[in-house]
>>> print(open('query37.pdb').read())   # PDB, C-alpha atoms
ATOM      1  CA  MET A   9      68.634  95.056  84.976  1.00  0.00           C
ATOM      2  CA  LYS A  10      68.684  92.731  87.971  1.00  0.00           C
ATOM      3  CA  THR A  11      69.315  89.740  85.735  1.00  0.00           C
ATOM      4  CA  ILE A  12      72.336  91.416  84.161  1.00  0.00           C
ATOM      5  CA  LEU A  13      73.760  92.265  87.588  1.00  0.00           C
ATOM      6  CA  ILE A  14      73.245  88.713  88.853  1.00  0.00           C
ATOM      7  CA  ILE A  15      74.993  87.335  85.765  1.00  0.00           C
ATOM      8  CA  ALA A  16      77.835  89.810  86.354  1.00  0.00           C
ATOM      9  CA  ILE A  17      78.171  88.613  89.966  1.00  0.00           C
ATOM     10  CA  ILE A  18      78.326  84.990  88.838  1.00  0.00           C
ATOM     11  CA  LEU A  19      80.945  85.753  86.169  1.00  0.00           C
ATOM     12  CA  LEU A  20      83.046  87.762  88.626  1.00  0.00           C
ATOM     13  CA  ALA A  21      82.829  84.956  91.186  1.00  0.00           C
ATOM     14  CA  ILE A  22      84.065  82.494  88.565  1.00  0.00           C
ATOM     15  CA  MET A  23      86.920  84.853  87.682  1.00  0.00           C
ATOM     16  CA  VAL A  24      87.843  85.097  91.379  1.00  0.00           C
ATOM     17  CA  VAL A  25      88.065  81.319  91.658  1.00  0.00           C
ATOM     18  CA  VAL A  26      90.097  81.013  88.442  1.00  0.00           C
ATOM     19  CA  SER A  27      92.610  83.658  89.523  1.00  0.00           C
ATOM     20  CA  LEU A  28      92.852  82.066  92.979  1.00  0.00           C
ATOM     21  CA  VAL A  29      93.621  78.669  91.457  1.00  0.00           C
ATOM     22  CA  ARG A  30      96.169  80.198  89.088  1.00  0.00           C
ATOM     23  CA  GLY A  31      97.889  81.907  92.018  1.00  0.00           C
ATOM     24  CA  ILE A  32      97.981  78.704  94.042  1.00  0.00           C
ATOM     25  CA  ILE A  33      99.404  76.769  91.080  1.00  0.00           C
ATOM     26  CA  ALA A  34     102.115  79.412  90.625  1.00  0.00           C
ATOM     27  CA  PHE A  35     102.874  79.192  94.342  1.00  0.00           C
ATOM     28  CA  LEU A  36     103.177  75.414  94.188  1.00  0.00           C
ATOM     29  CA  LYS A  37     105.523  75.645  91.209  1.00  0.00           C
ATOM     30  CA  THR A  38     107.880  77.831  93.205  1.00  0.00           C
ATOM     31  CA  THR A  39     110.438  75.407  94.520  1.00  0.00           C
ATOM     32  CA  LYS A  40     111.642  75.227  98.079  1.00  0.00           C
ATOM     33  CA  VAL A  41     115.122  76.169  96.892  1.00  0.00           C
ATOM     34  CA  ASP A  42     113.788  79.382  95.323  1.00  0.00           C
ATOM     35  CA  LEU A  43     112.153  80.314  98.597  1.00  0.00           C
ATOM     36  CA  GLU A  44     115.217  79.541 100.706  1.00  0.00           C
ATOM     37  CA  ASN A  45     117.773  81.217  98.434  1.00  0.00           C
ATOM     38  CA  ASN A  46     115.750  84.342  97.715  1.00  0.00           C
ATOM     39  CA  THR A  47     117.640  87.270  99.168  1.00  0.00           C
ATOM     40  CA  GLY A  48     115.148  89.808  97.912  1.00  0.00           C
ATOM     41  CA  GLU A  49     117.394  90.871  95.061  1.00  0.00           C
ATOM     42  CA  THR A  50     115.800  88.733  92.375  1.00  0.00           C
ATOM     43  CA  VAL A  51     112.199  87.930  91.667  1.00  0.00           C
ATOM     44  CA  THR A  52     111.433  84.744  89.814  1.00  0.00           C
ATOM     45  CA  GLU A  53     108.883  84.431  87.046  1.00  0.00           C
ATOM     46  CA  MET A  54     106.622  82.282  89.220  1.00  0.00           C
ATOM     47  CA  GLN A  55     106.599  84.896  91.966  1.00  0.00           C
ATOM     48  CA  LEU A  56     105.583  87.560  89.472  1.00  0.00           C
ATOM     49  CA  MET A  57     102.841  85.292  88.121  1.00  0.00           C
ATOM     50  CA  GLN A  58     101.659  84.576  91.665  1.00  0.00           C
ATOM     51  CA  ASN A  59     101.516  88.280  92.519  1.00  0.00           C
ATOM     52  CA  LYS A  60      99.600  89.063  89.334  1.00  0.00           C
ATOM     53  CA  ALA A  61      97.067  86.304  89.966  1.00  0.00           C
ATOM     54  CA  MET A  62      96.481  87.418  93.545  1.00  0.00           C
ATOM     55  CA  PHE A  63      96.093  91.057  92.479  1.00  0.00           C
ATOM     56  CA  ASP A  64      93.559  89.945  89.852  1.00  0.00           C
ATOM     57  CA  ARG A  65      91.662  88.041  92.544  1.00  0.00           C
ATOM     58  CA  ILE A  66      91.438  91.132  94.727  1.00  0.00           C
ATOM     59  CA  LYS A  67      90.341  93.223  91.741  1.00  0.00           C
ATOM     60  CA  TYR A  68      87.554  90.789  90.815  1.00  0.00           C
ATOM     61  CA  GLN A  69      86.390  90.539  94.419  1.00  0.00           C
ATOM     62  CA  GLY A  70      86.160  94.326  94.611  1.00  0.00           C
ATOM     63  CA  LEU A  71      84.181  94.466  91.399  1.00  0.00           C
ATOM     64  CA  ALA A  72      81.834  91.754  92.676  1.00  0.00           C
ATOM     65  CA  ILE A  73      81.230  93.744  95.865  1.00  0.00           C
ATOM     66  CA  LEU A  74      80.535  96.842  93.773  1.00  0.00           C
ATOM     67  CA  VAL A  75      78.003  94.936  91.637  1.00  0.00           C
ATOM     68  CA  VAL A  76      76.307  93.600  94.790  1.00  0.00           C
ATOM     69  CA  ALA A  77      76.069  97.171  96.129  1.00  0.00           C
ATOM     70  CA  ILE A  78      74.531  98.330  92.847  1.00  0.00           C
ATOM     71  CA  LEU A  79      72.110  95.400  92.912  1.00  0.00           C
ATOM     72  CA  LEU A  80      71.038  96.317  96.441  1.00  0.00           C
ATOM     73  CA  ALA A  81      70.597  99.956  95.437  1.00  0.00           C
ATOM     74  CA  VAL A  82      68.471  98.993  92.424  1.00  0.00           C
ATOM     75  CA  ALA A  83      66.385  96.538  94.472  1.00  0.00           C
ATOM     76  CA  ASN A  84      64.653  99.395  96.296  1.00  0.00           C
TER      77      ASN A  84
END
>>> encode(input="query37.pdb", output="structure tokens")
Amino acid sequence: MKTILIIAIILLAIMVVVSLVRGIIAFLKTTKVDLENNTGETVTEMQLMQNKAMFDRIKYQGLAILVVAILLAVAN
């Protein structure tokens, strides 16, 4: 059981890093002009991709914390 939880933590940590990198890449692709001309009325595709990647990162971090809590509970 502990081995499965440790593997899950490692996989979730990898997923966190991947989603973080994807979000940063989407942010870098957003041009300066898009940022300056954005009046809040339109959302570009890169901004949507960036938001999705950052939400995924938060989701995976939460799951990793949950798995660590379960691992600590099982360790007793």
>>> atom_distance(input="query37.pdb", atom1="atom CA of Gln55 of chain A", atom2="atom CA of Gly31 of chain A")
9.2 Å
>>> residues_around(input="query37.pdb", residues="Ile14 of chain A", least_positions_apart="4", cutoff="10 Å", atoms="only C-alpha atoms", output="ChimeraX atom specification")
/A:9-10,18-20,72,75-76,79
>>> atom_distance(input="query37.pdb", atom1="atom CA of Thr11 of chain A", atom2="atom CA of Val29 of chain A")
27.3 Å
>>> closest_residue(input="query37.pdb", among="A:Ala61, A:Ala77, A:Leu56, A:Ala83", to="Met23 of chain A", atoms="all atoms listed in the file")
A:Ala61
>>> atom_distance(input="query37.pdb", atom1="atom CA of Ile22 of chain A", atom2="atom CA of Thr52 of chain A")
27.5 Å
